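One file, coords_27.tsv, carrying TSV, C-alpha atoms:
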chain	number	residue	atom	x	y	z
F	1	MET	CA	29.16	61.24	-31.44
F	2	SER	CA	27.53	58.43	-29.50
F	3	SER	CA	25.78	59.30	-26.27
F	4	LEU	CA	26.86	55.96	-24.81
F	5	SER	CA	29.68	55.95	-22.29
F	6	VAL	CA	29.93	52.15	-22.28
F	7	PRO	CA	30.65	50.64	-25.72
F	8	PRO	CA	29.45	47.17	-26.84
F	9	PRO	CA	31.66	44.53	-25.19
F	10	GLN	CA	34.06	43.07	-27.73
F	11	CYS	CA	33.62	39.61	-26.19
F	12	LEU	CA	29.96	39.69	-27.24
F	13	LEU	CA	30.67	40.66	-30.84
F	14	GLN	CA	32.01	37.24	-31.70
F	15	PRO	CA	30.47	33.77	-31.33
F	16	TYR	CA	31.34	31.56	-28.39
F	17	THR	CA	31.62	27.80	-28.77
F	18	VAL	CA	30.96	25.78	-25.65
F	19	PRO	CA	33.18	22.69	-25.37
F	20	HIS	CA	31.79	19.23	-24.75
F	21	ARG	CA	32.90	17.70	-21.47
F	22	TYR	CA	32.10	14.55	-19.55
F	23	LEU	CA	30.49	15.89	-16.38
F	24	LEU	CA	31.34	13.14	-13.91
F	25	GLY	CA	31.42	15.34	-10.84
F	26	PRO	CA	28.67	15.74	-8.24
F	27	GLY	CA	26.56	17.80	-10.64
F	28	PRO	CA	25.37	19.09	-12.96
F	29	SER	CA	25.38	15.97	-15.07
F	30	ASN	CA	25.41	15.79	-18.86
F	31	VAL	CA	22.15	16.59	-20.62
F	32	PRO	CA	21.27	13.94	-23.24
F	33	PRO	CA	20.26	15.11	-26.75
F	34	ARG	CA	16.62	14.16	-26.24
F	35	ILE	CA	16.30	16.56	-23.30
F	36	SER	CA	18.29	19.30	-25.04
F	37	THR	CA	16.00	18.99	-28.07
F	38	ALA	CA	12.92	19.26	-25.87
F	39	GLY	CA	14.27	22.43	-24.28
F	40	ALA	CA	14.91	23.99	-27.69
F	41	GLN	CA	11.24	23.91	-28.73
F	42	PRO	CA	9.42	27.20	-29.43
F	43	MET	CA	8.73	29.50	-26.51
F	44	LEU	CA	5.19	29.62	-25.13
F	45	GLY	CA	3.55	32.06	-22.76
F	46	HIS	CA	3.93	30.95	-19.17
F	47	LEU	CA	0.15	30.63	-18.70
F	48	HIS	CA	-0.76	29.34	-22.15
F	49	ALA	CA	-2.96	26.25	-22.16
F	50	GLU	CA	-0.11	24.14	-23.52
F	51	THR	CA	2.27	25.36	-20.80
F	52	ILE	CA	-0.28	24.50	-18.13
F	53	GLU	CA	-0.64	21.05	-19.69
F	54	ILE	CA	3.14	20.62	-19.54
F	55	MET	CA	3.11	21.72	-15.88
F	56	ASP	CA	0.45	19.10	-15.17
F	57	HIS	CA	2.64	16.46	-16.85
F	58	VAL	CA	5.59	17.59	-14.74
F	59	LYS	CA	3.48	17.34	-11.59
F	60	SER	CA	2.47	13.76	-12.47
F	61	GLY	CA	6.10	12.89	-13.22
F	62	ILE	CA	7.24	14.25	-9.85
F	63	GLN	CA	4.53	12.29	-8.07
F	64	TYR	CA	5.85	9.14	-9.76
F	65	ALA	CA	9.51	9.92	-9.01
F	66	PHE	CA	8.69	10.72	-5.36
F	67	GLN	CA	6.12	7.91	-5.05
F	68	THR	CA	3.49	10.25	-3.64
F	69	GLN	CA	-0.10	11.21	-4.25
F	70	ASN	CA	0.35	14.62	-2.62
F	71	ARG	CA	-1.89	17.26	-4.15
F	72	VAL	CA	0.66	20.05	-3.59
F	73	THR	CA	3.44	18.84	-5.86
F	74	LEU	CA	5.29	21.22	-8.17
F	75	ALA	CA	8.65	22.47	-9.43
F	76	VAL	CA	10.21	25.57	-7.91
F	77	SER	CA	11.72	28.00	-10.42
F	78	GLY	CA	15.34	27.72	-9.32
F	79	PRO	CA	17.97	25.16	-8.31
F	80	GLY	CA	17.65	22.62	-5.52
F	81	HIS	CA	18.84	25.30	-3.12
F	82	ALA	CA	15.69	27.29	-3.89
F	83	ALA	CA	13.59	24.24	-3.03
F	84	MET	CA	15.43	23.95	0.28
F	85	GLU	CA	14.59	27.57	1.09
F	86	CYS	CA	11.00	27.09	-0.09
F	87	ALA	CA	10.60	24.14	2.26
F	88	ILE	CA	12.06	25.87	5.31
F	89	PHE	CA	10.63	29.36	4.69
F	90	ASN	CA	7.11	27.99	4.42
F	91	SER	CA	7.12	25.39	7.17
F	92	VAL	CA	8.93	27.32	9.91
F	93	GLU	CA	8.18	30.60	11.66
F	94	ALA	CA	10.40	32.78	13.82
F	95	GLY	CA	10.77	31.40	17.33
F	96	GLU	CA	10.01	27.81	16.38
F	97	SER	CA	12.53	24.99	16.83
F	98	VAL	CA	14.09	22.96	14.04
F	99	LEU	CA	16.33	19.91	14.36
F	100	VAL	CA	18.86	19.55	11.54
F	101	GLY	CA	20.81	16.39	10.86
F	102	VAL	CA	24.13	17.98	9.91
F	103	ASN	CA	26.08	15.40	7.94
F	104	GLY	CA	27.72	17.65	5.38
F	105	ILE	CA	27.43	21.07	3.80
F	106	TRP	CA	23.71	20.84	3.00
F	107	GLY	CA	22.78	20.22	6.60
F	108	GLU	CA	24.96	23.16	7.57
F	109	ARG	CA	23.15	25.39	5.09
F	110	ALA	CA	19.70	24.21	6.19
F	111	ALA	CA	20.61	25.12	9.76
F	112	GLU	CA	21.77	28.58	8.71
F	113	ILE	CA	18.61	29.21	6.66
F	114	ALA	CA	16.48	28.29	9.68
F	115	GLN	CA	18.56	30.56	11.91
F	116	ARG	CA	18.24	33.47	9.48
F	117	ILE	CA	14.46	33.47	9.83
F	118	GLY	CA	14.74	33.47	13.61
F	119	SER	CA	14.09	29.82	14.39
F	120	TYR	CA	16.05	27.78	16.89
F	121	THR	CA	18.20	24.90	15.64
F	122	GLU	CA	19.13	23.90	19.18
F	123	ASN	CA	17.78	24.46	22.67
F	124	PRO	CA	18.28	28.21	23.19
F	125	ALA	CA	20.47	29.22	26.13
F	126	GLY	CA	18.51	30.36	29.16
F	127	LYS	CA	15.38	28.38	28.36
F	128	GLY	CA	14.16	26.32	31.27
F	129	GLN	CA	12.81	23.56	29.04
F	130	GLU	CA	13.32	22.31	25.52
F	131	GLN	CA	11.35	23.92	22.72
F	132	LYS	CA	8.79	21.79	20.87
F	133	LEU	CA	10.25	20.73	17.52
F	134	VAL	CA	8.22	21.62	14.43
F	135	LEU	CA	10.60	20.29	11.76
F	136	PHE	CA	13.36	17.69	11.38
F	137	PHE	CA	15.66	18.08	8.35
F	138	LEU	CA	17.78	15.27	6.91
F	139	THR	CA	19.78	14.91	3.71
F	140	HIS	CA	19.00	11.52	2.19
F	141	GLY	CA	22.14	11.51	0.06
F	142	GLU	CA	24.88	13.92	1.12
F	143	SER	CA	26.86	14.79	-2.01
F	144	SER	CA	29.71	16.43	-0.09
F	145	THR	CA	30.56	13.21	1.75
F	146	GLY	CA	28.97	10.51	-0.41
F	147	VAL	CA	26.91	9.20	2.51
F	148	LEU	CA	23.45	7.64	2.05
F	149	HIS	CA	21.34	8.01	5.18
F	150	PRO	CA	18.52	5.58	6.03
F	151	ILE	CA	15.17	7.25	6.55
F	152	ASP	CA	12.86	4.38	7.43
F	153	GLY	CA	10.97	5.00	10.66
F	154	ILE	CA	12.01	8.63	11.07
F	155	GLY	CA	8.80	10.07	9.65
F	156	GLU	CA	6.68	7.90	11.92
F	157	LEU	CA	8.72	9.05	14.93
F	158	CYS	CA	8.40	12.71	13.90
F	159	HIS	CA	4.62	12.40	13.57
F	160	LYS	CA	4.39	10.84	17.03
F	161	TYR	CA	5.62	14.19	18.37
F	162	ASP	CA	3.70	16.36	15.86
F	163	CYS	CA	6.88	17.27	14.00
F	164	LEU	CA	7.26	17.53	10.22
F	165	PHE	CA	9.88	15.43	8.41
F	166	LEU	CA	11.78	17.26	5.64
F	167	VAL	CA	14.12	15.34	3.33
F	168	ASP	CA	16.69	16.71	0.88
F	169	SER	CA	17.08	14.20	-1.96
F	170	VAL	CA	18.86	16.39	-4.50
F	171	ALA	CA	21.77	13.98	-5.01
F	172	ALA	CA	19.84	10.74	-4.46
F	173	LEU	CA	16.42	11.00	-6.15
F	174	GLY	CA	16.13	8.52	-9.00
F	175	GLY	CA	19.34	6.74	-8.05
F	176	THR	CA	18.27	5.00	-4.86
F	177	PRO	CA	14.89	3.98	-3.41
F	178	ILE	CA	12.71	6.55	-1.69
F	179	TYR	CA	8.95	6.35	-1.05
F	180	MET	CA	7.56	9.66	0.13
F	181	ASP	CA	4.15	8.44	1.25
F	182	LYS	CA	5.19	5.06	2.65
F	183	GLN	CA	8.12	6.60	4.57
F	184	ASP	CA	5.97	9.35	6.08
F	185	ILE	CA	7.98	12.18	4.53
F	186	ASP	CA	6.19	15.52	4.82
F	187	ILE	CA	8.34	17.63	2.50
F	188	LEU	CA	10.65	16.20	-0.16
F	189	TYR	CA	12.64	18.03	-2.81
F	190	THR	CA	15.31	17.41	-5.41
F	191	GLY	CA	17.08	19.19	-8.28
F	192	SER	CA	16.75	18.80	-12.03
F	193	GLN	CA	20.48	18.60	-12.81
F	194	LYS	CA	21.50	15.35	-11.10
F	195	VAL	CA	19.95	11.96	-11.94
F	196	LEU	CA	17.21	13.63	-13.97
F	197	ASN	CA	19.87	15.01	-16.38
F	198	ALA	CA	17.93	18.22	-17.08
F	199	PRO	CA	19.58	21.67	-17.02
F	200	PRO	CA	19.75	23.37	-13.61
F	201	GLY	CA	16.89	25.72	-12.84
F	202	THR	CA	13.84	23.66	-11.87
F	203	ALA	CA	13.48	21.94	-8.50
F	204	PRO	CA	10.75	19.34	-7.87
F	205	ILE	CA	9.15	19.54	-4.43
F	206	SER	CA	6.12	18.00	-2.71
F	207	PHE	CA	4.21	18.70	0.52
F	208	SER	CA	2.06	16.28	2.51
F	209	GLU	CA	-1.39	17.24	3.77
F	210	ARG	CA	0.12	17.46	7.27
F	211	ALA	CA	2.73	19.93	6.02
F	212	CYS	CA	0.13	21.94	4.11
F	213	TYR	CA	-2.08	22.22	7.19
F	214	LYS	CA	0.75	23.82	9.15
F	215	ILE	CA	1.89	26.02	6.26
F	216	PHE	CA	-1.56	27.34	5.35
F	217	ASN	CA	-2.39	28.07	8.99
F	218	ARG	CA	0.70	30.14	9.78
F	219	LYS	CA	0.48	33.12	12.11
F	220	THR	CA	2.80	35.13	9.86
F	221	LYS	CA	3.50	35.25	6.14
F	222	PRO	CA	6.62	33.46	4.82
F	223	VAL	CA	9.66	35.72	4.61
F	224	SER	CA	9.92	35.15	0.85
F	225	TYR	CA	7.18	36.35	-1.50
F	226	PHE	CA	8.73	34.46	-4.41
F	227	LEU	CA	8.75	31.15	-2.52
F	228	ASP	CA	5.39	31.62	-0.74
F	229	LEU	CA	3.64	28.26	-1.14
F	230	SER	CA	0.16	29.80	-1.19
F	231	TRP	CA	1.13	31.57	-4.42
F	232	LEU	CA	3.10	28.65	-5.86
F	233	ALA	CA	0.30	26.15	-5.16
F	234	ASN	CA	-2.11	28.34	-7.11
F	235	TYR	CA	0.37	28.93	-9.95
F	236	TRP	CA	0.74	25.15	-10.30
F	237	GLY	CA	-2.98	24.41	-9.97
F	238	CYS	CA	-2.56	22.58	-6.67
F	239	ASP	CA	-5.04	24.54	-4.55
F	240	GLY	CA	-8.30	23.54	-6.23
F	241	LYS	CA	-9.10	27.08	-7.41
F	242	PRO	CA	-10.49	27.41	-10.95
F	243	VAL	CA	-8.07	30.18	-12.00
F	244	ARG	CA	-4.27	30.27	-11.84
F	245	SER	CA	-3.12	33.76	-10.88
F	246	TYR	CA	0.07	35.37	-12.13
F	247	HIS	CA	2.87	35.03	-9.61
F	248	HIS	CA	6.07	34.98	-11.65
F	249	THR	CA	7.20	34.04	-15.13
F	250	GLY	CA	8.28	30.44	-14.83
F	251	PRO	CA	11.20	28.92	-16.78
F	252	VAL	CA	9.04	27.73	-19.67
F	253	THR	CA	11.73	25.98	-21.72
F	254	GLY	CA	13.18	24.59	-18.51
F	255	LEU	CA	9.82	22.95	-17.91
F	256	TYR	CA	10.00	21.38	-21.37
F	257	SER	CA	13.34	19.84	-20.37
F	258	LEU	CA	12.11	18.73	-16.97
F	259	ARG	CA	9.06	17.09	-18.51
F	260	GLU	CA	11.29	15.16	-20.91
F	261	SER	CA	13.64	14.04	-18.15
F	262	LEU	CA	10.70	12.78	-16.09
F	263	ALA	CA	9.36	11.02	-19.20
F	264	ILE	CA	12.69	9.21	-19.58
F	265	LEU	CA	12.56	8.16	-15.92
F	266	ALA	CA	9.00	6.89	-16.37
F	267	GLU	CA	9.99	4.92	-19.49
F	268	THR	CA	13.05	3.47	-17.73
F	269	GLY	CA	11.11	2.65	-14.58
F	270	LEU	CA	12.13	3.74	-11.10
F	271	GLU	CA	13.13	0.28	-9.96
F	272	ASN	CA	15.28	-0.23	-13.06
F	273	SER	CA	16.95	3.13	-12.47
F	274	TRP	CA	17.66	2.29	-8.83
F	275	LYS	CA	19.08	-1.11	-9.83
F	276	ARG	CA	21.34	0.33	-12.54
F	277	HIS	CA	22.78	3.01	-10.29
F	278	LYS	CA	23.50	0.44	-7.58
F	279	GLU	CA	25.20	-1.98	-9.97
F	280	VAL	CA	27.28	0.70	-11.68
F	281	ALA	CA	28.35	2.16	-8.33
F	282	GLU	CA	29.45	-1.27	-7.09
F	283	TYR	CA	31.37	-1.86	-10.33
F	284	PHE	CA	33.11	1.49	-9.82
F	285	HIS	CA	33.91	0.81	-6.17
F	286	ASN	CA	35.43	-2.55	-7.03
F	287	GLY	CA	37.57	-0.92	-9.71
F	288	LEU	CA	38.80	1.74	-7.32
F	289	GLU	CA	39.76	-0.83	-4.71
F	290	LYS	CA	41.66	-2.86	-7.31
F	291	MET	CA	43.66	0.31	-8.05
F	292	GLY	CA	44.54	0.59	-4.37
F	293	LEU	CA	42.36	3.64	-3.79
F	294	LYS	CA	40.35	3.93	-0.60
F	295	LEU	CA	36.67	4.80	-0.42
F	296	PHE	CA	35.78	7.56	2.04
F	297	VAL	CA	32.60	5.78	3.17
F	298	GLU	CA	33.73	2.44	4.55
F	299	ASP	CA	30.27	0.95	5.20
F	300	LYS	CA	29.02	-0.35	1.84
F	301	LYS	CA	25.39	0.09	2.88
F	302	ALA	CA	26.01	3.76	3.65
F	303	ARG	CA	27.49	4.60	0.24
F	304	LEU	CA	25.50	6.93	-1.99
F	305	PRO	CA	25.25	5.19	-5.40
F	306	THR	CA	25.13	8.44	-7.35
F	307	VAL	CA	28.16	10.26	-5.88
F	308	THR	CA	31.27	8.38	-4.80
F	309	THR	CA	33.84	9.92	-2.47
F	310	ILE	CA	37.42	8.68	-2.78
F	311	VAL	CA	39.95	9.41	-0.07
F	312	ALA	CA	42.43	11.88	-1.57
F	313	PRO	CA	45.50	9.79	-2.45
F	314	PRO	CA	48.27	10.46	0.11
F	315	GLY	CA	51.09	12.59	-1.19
F	316	TYR	CA	49.11	14.03	-4.10
F	317	GLU	CA	47.56	17.46	-4.45
F	318	TRP	CA	43.88	16.84	-5.25
F	319	LYS	CA	43.63	19.96	-7.40
F	320	GLU	CA	46.45	18.69	-9.60
F	321	ILE	CA	44.61	15.40	-10.10
F	322	THR	CA	41.29	17.00	-11.05
F	323	GLY	CA	43.06	19.55	-13.27
F	324	TYR	CA	45.06	16.85	-15.06
F	325	ILE	CA	41.96	14.77	-15.73
F	326	MET	CA	40.10	17.80	-17.08
F	327	LYS	CA	42.99	18.86	-19.33
F	328	ASN	CA	43.99	15.44	-20.66
F	329	HIS	CA	40.75	13.47	-20.59
F	330	ASN	CA	38.09	16.20	-20.86
F	331	ILE	CA	36.42	14.80	-17.74
F	332	GLU	CA	35.20	16.79	-14.76
F	333	ILE	CA	35.55	15.29	-11.31
F	334	SER	CA	35.58	17.33	-8.13
F	335	GLY	CA	37.30	17.75	-4.81
F	336	GLY	CA	35.50	17.93	-1.49
F	337	LEU	CA	32.94	20.52	-0.45
F	338	GLY	CA	32.41	22.09	2.95
F	339	PRO	CA	33.66	19.73	5.67
F	340	SER	CA	35.17	17.34	3.09
F	341	VAL	CA	37.42	19.91	1.36
F	342	GLY	CA	40.93	18.54	0.91
F	343	MET	CA	39.86	15.09	2.08
F	344	VAL	CA	38.20	13.51	-0.94
F	345	LEU	CA	37.73	13.33	-4.69
F	346	ARG	CA	34.08	13.19	-5.75
F	347	VAL	CA	32.81	11.32	-8.80
F	348	GLY	CA	29.19	11.47	-9.92
F	349	LEU	CA	27.58	8.74	-12.02
F	350	MET	CA	24.03	9.98	-12.42
F	351	GLY	CA	21.27	9.30	-14.91
F	352	CYS	CA	22.67	8.82	-18.42
F	353	ASN	CA	26.20	8.96	-16.97
F	354	SER	CA	25.57	5.92	-14.79
F	355	THR	CA	27.10	3.32	-17.11
F	356	LYS	CA	29.99	0.88	-16.88
F	357	GLY	CA	31.49	2.61	-19.91
F	358	HIS	CA	31.76	5.85	-17.97
F	359	VAL	CA	33.27	3.92	-15.05
F	360	ASP	CA	35.98	2.45	-17.29
F	361	MET	CA	36.66	5.93	-18.63
F	362	ILE	CA	37.12	7.49	-15.19
F	363	LEU	CA	39.21	4.60	-13.87
F	364	GLN	CA	41.57	4.97	-16.82
F	365	ALA	CA	41.76	8.73	-16.27
F	366	LEU	CA	42.50	8.31	-12.56
F	367	ALA	CA	45.23	5.77	-13.27
F	368	ASP	CA	46.80	8.12	-15.80
F	369	ALA	CA	46.62	11.06	-13.39
F	370	LEU	CA	48.27	9.13	-10.56
F	371	LYS	CA	51.03	8.10	-12.95
F	372	HIS	CA	51.80	11.63	-14.17
F	373	CYS	CA	50.89	13.94	-11.29
F	374	HIS	CA	53.54	14.93	-8.79
F	375	LYS	CA	53.68	12.81	-5.64
F	376	SER	CA	55.46	14.39	-2.71
F	377	ARG	CA	57.74	12.39	-0.46
F	378	VAL	CA	56.07	11.34	2.75
Go ahead and express the file in the form of structure tokens.
Amino acid sequence: MSSLSVPPPQCLLQPYTVPHRYLLGPGPSNVPPRISTAGAQPMLGHLHAETIEIMDHVKSGIQYAFQTQNRVTLAVSGPGHAAMECAIFNSVEAGESVLVGVNGIWGERAAEIAQRIGSYTENPAGKGQEQKLVLFFLTHGESSTGVLHPIDGIGELCHKYDCLFLVDSVAALGGTPIYMDKQDIDILYTGSQKVLNAPPGTAPISFSERACYKIFNRKTKPVSYFLDLSWLANYWGCDGKPVRSYHHTGPVTGLYSLRESLAILAETGLENSWKRHKEVAEYFHNGLEKMGLKLFVEDKKARLPTVTTIVAPPGYEWKEITGYIMKNHNIEISGGLGPSVGMVLRVGLMGCNSTKGHVDMILQALADALKHCHKSRV
């Protein structure tokens, strides 16, 4: 008689084959074979000399992608959401004021994170005067709405009032120009699974000297031990100390993949990547308009080149359209998220997926879906 009350799950006693799909939604994007192969290399210890060398390569690649010389540049072990929390947890203390540019779900979440640690995201009721702002948050490319927000001049204005400028570039990094140092950005982060085409789980982030001064002179410790920058900076060799202390076991094979994705970006060249994403997005937008579909973002200059939002076709159920395209064309596209739910279809053309061939594929799939999906009478 076995002493086990829970038997081995039958679902785990047989192999599972993962299907191939074209991931043309807002993320994750497809992982090219070169990056998959890199991630399948033999496991190393997380503090082996070779792993540290790979981490140093990753740091250099992030500095290139962000266009920064910041000393404290690293990859958080987690998705872009973890980088968002790392940025806010470290730079803000309870009772301080944060201004959040809410232009979609990610601004909403940034505001809630700040509120959860006891900071003010608006002038608190009963206060006789406005609180001094310590941080301004803005999403460069809002994937829930497909809006690209200009950031020139904002950092300079923030610094005039001794306020840090934090930018979320998860959906935009690599697909549209951004210059961390030149644009006076104090904290910038992205995710690995969008334009970089690496698996989710590593999140590049960088901190200016101005941001580091505030963070390393806090009155209280950050609420998260795991995301405490004093530990992370040492783990990544960013603090100038001769020895890297154990903090956590990083995603070693994920770092292999991230290094390879940054290598591909370096070989391609940032300016070439920006140009390709812009041209492919414009080709896609023209094709949509020829089909009679309406783009959610009317101002061409405000359109995010990596994620396009299409006004949900009147009379159609958006879930039926996305389901039909998945079933019949093996392509993932998405509906809205947060404030855009029910209003839009979202198509992502990021990294290796940003090609005119993929555009032709999705235009054909959309045309087929509109032909076969049920359209209600208006």
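Take atom CA of Ala114 of chain F and atom CA of Arg210 of chain F: the distance between them is 19.8 Å.
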* Asked: Got a sec: who's within 7 Å of Asn197 of chain F, counting only C-alpha atoms, leaving out chain neighbours fewer than 4 positions off, as a ChimeraX atom specification?
  -> /F:29-31,192-193,261,351
Writer output for current selection, C-alpha atoms, as a JSON list (two decimals), in the coordinates of the input:
[["chain", "number", "residue", "atom", "x", "y", "z"],
["F", 29, "SER", "CA", 25.38, 15.97, -15.07],
["F", 30, "ASN", "CA", 25.41, 15.79, -18.86],
["F", 31, "VAL", "CA", 22.15, 16.59, -20.62],
["F", 192, "SER", "CA", 16.75, 18.80, -12.03],
["F", 193, "GLN", "CA", 20.48, 18.60, -12.81],
["F", 261, "SER", "CA", 13.64, 14.04, -18.15],
["F", 351, "GLY", "CA", 21.27, 9.30, -14.91]]
Contacts of Phe296 of chain F at 12 Å (only C-alpha atoms; same-chain gap of 6+ positions) as a CSV table (one decimal) with C-alpha atoms, in the frame of the given file:
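Saved as selection_8.csv:
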chain,number,residue,atom,x,y,z
F,144,SER,CA,29.7,16.4,-0.1
F,145,THR,CA,30.6,13.2,1.8
F,146,GLY,CA,29.0,10.5,-0.4
F,147,VAL,CA,26.9,9.2,2.5
F,285,HIS,CA,33.9,0.8,-6.2
F,288,LEU,CA,38.8,1.7,-7.3
F,289,GLU,CA,39.8,-0.8,-4.7
F,302,ALA,CA,26.0,3.8,3.6
F,303,ARG,CA,27.5,4.6,0.2
F,304,LEU,CA,25.5,6.9,-2.0
F,307,VAL,CA,28.2,10.3,-5.9
F,308,THR,CA,31.3,8.4,-4.8
F,309,THR,CA,33.8,9.9,-2.5
F,310,ILE,CA,37.4,8.7,-2.8
F,311,VAL,CA,40.0,9.4,-0.1
F,312,ALA,CA,42.4,11.9,-1.6
F,313,PRO,CA,45.5,9.8,-2.4
F,336,GLY,CA,35.5,17.9,-1.5
F,340,SER,CA,35.2,17.3,3.1
F,343,MET,CA,39.9,15.1,2.1
F,344,VAL,CA,38.2,13.5,-0.9
F,345,LEU,CA,37.7,13.3,-4.7
F,346,ARG,CA,34.1,13.2,-5.8
F,347,VAL,CA,32.8,11.3,-8.8
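A straight line drawn from atom CA of Ser334 of chain F to atom CA of Gly141 of chain F is 16.8 Å long.
Going from atom CA of Leu227 of chain F to atom CA of Ala82 of chain F covers 8.1 Å.
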Between segment 76-130 of chain F and segment 213-218 of chain F, at 9 Å or less, what are the per-residue closest atom pairs and their distances in Å? Count only C-alpha atoms, order by chain and rising residue number, and return it as CSV.
residue,atom,partner,partner_atom,distance
F:Asn90,CA,F:Ile215,CA,5.9
F:Ser91,CA,F:Ile215,CA,5.3
F:Val92,CA,F:Ile215,CA,8.0
F:Glu93,CA,F:Arg218,CA,7.7
* Exercise: Gly237 of chain F partners within 10 Å, all atoms listed in the file, chain neighbours under 3 positions left out, as a VMD selection string -> chain F and resid 52 55 to 56 59 71 to 74 231 to 234 240 to 245
Kindly save the residues from that selection, with C-alpha atoms included, as a JSON list (two decimals), in the coordinates of the input.
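Everything below was put into selection-v8.json:
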[["chain", "number", "residue", "atom", "x", "y", "z"],
["F", 52, "ILE", "CA", -0.28, 24.50, -18.13],
["F", 55, "MET", "CA", 3.11, 21.72, -15.88],
["F", 56, "ASP", "CA", 0.45, 19.10, -15.17],
["F", 59, "LYS", "CA", 3.48, 17.34, -11.59],
["F", 71, "ARG", "CA", -1.89, 17.26, -4.15],
["F", 72, "VAL", "CA", 0.66, 20.05, -3.59],
["F", 73, "THR", "CA", 3.44, 18.84, -5.86],
["F", 74, "LEU", "CA", 5.29, 21.22, -8.17],
["F", 231, "TRP", "CA", 1.13, 31.57, -4.42],
["F", 232, "LEU", "CA", 3.10, 28.65, -5.86],
["F", 233, "ALA", "CA", 0.30, 26.15, -5.16],
["F", 234, "ASN", "CA", -2.11, 28.34, -7.11],
["F", 240, "GLY", "CA", -8.30, 23.54, -6.23],
["F", 241, "LYS", "CA", -9.10, 27.08, -7.41],
["F", 242, "PRO", "CA", -10.49, 27.41, -10.95],
["F", 243, "VAL", "CA", -8.07, 30.18, -12.00],
["F", 244, "ARG", "CA", -4.27, 30.27, -11.84],
["F", 245, "SER", "CA", -3.12, 33.76, -10.88]]
* To do: Write out as a PyMOL selection string which residues come within 9 Å of Arg34 of chain F when counting all atoms listed in the file, dropping same-chain ones fewer than 5 positions away.
  => chain F and resi 39+257+260-261
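Minimum atom-to-atom distance to Leu164 of chain F, evaluated using all atoms listed in the file, belongs to F:Leu188 out of F:Leu188, F:Asp360, F:Gln67, F:Ala365.
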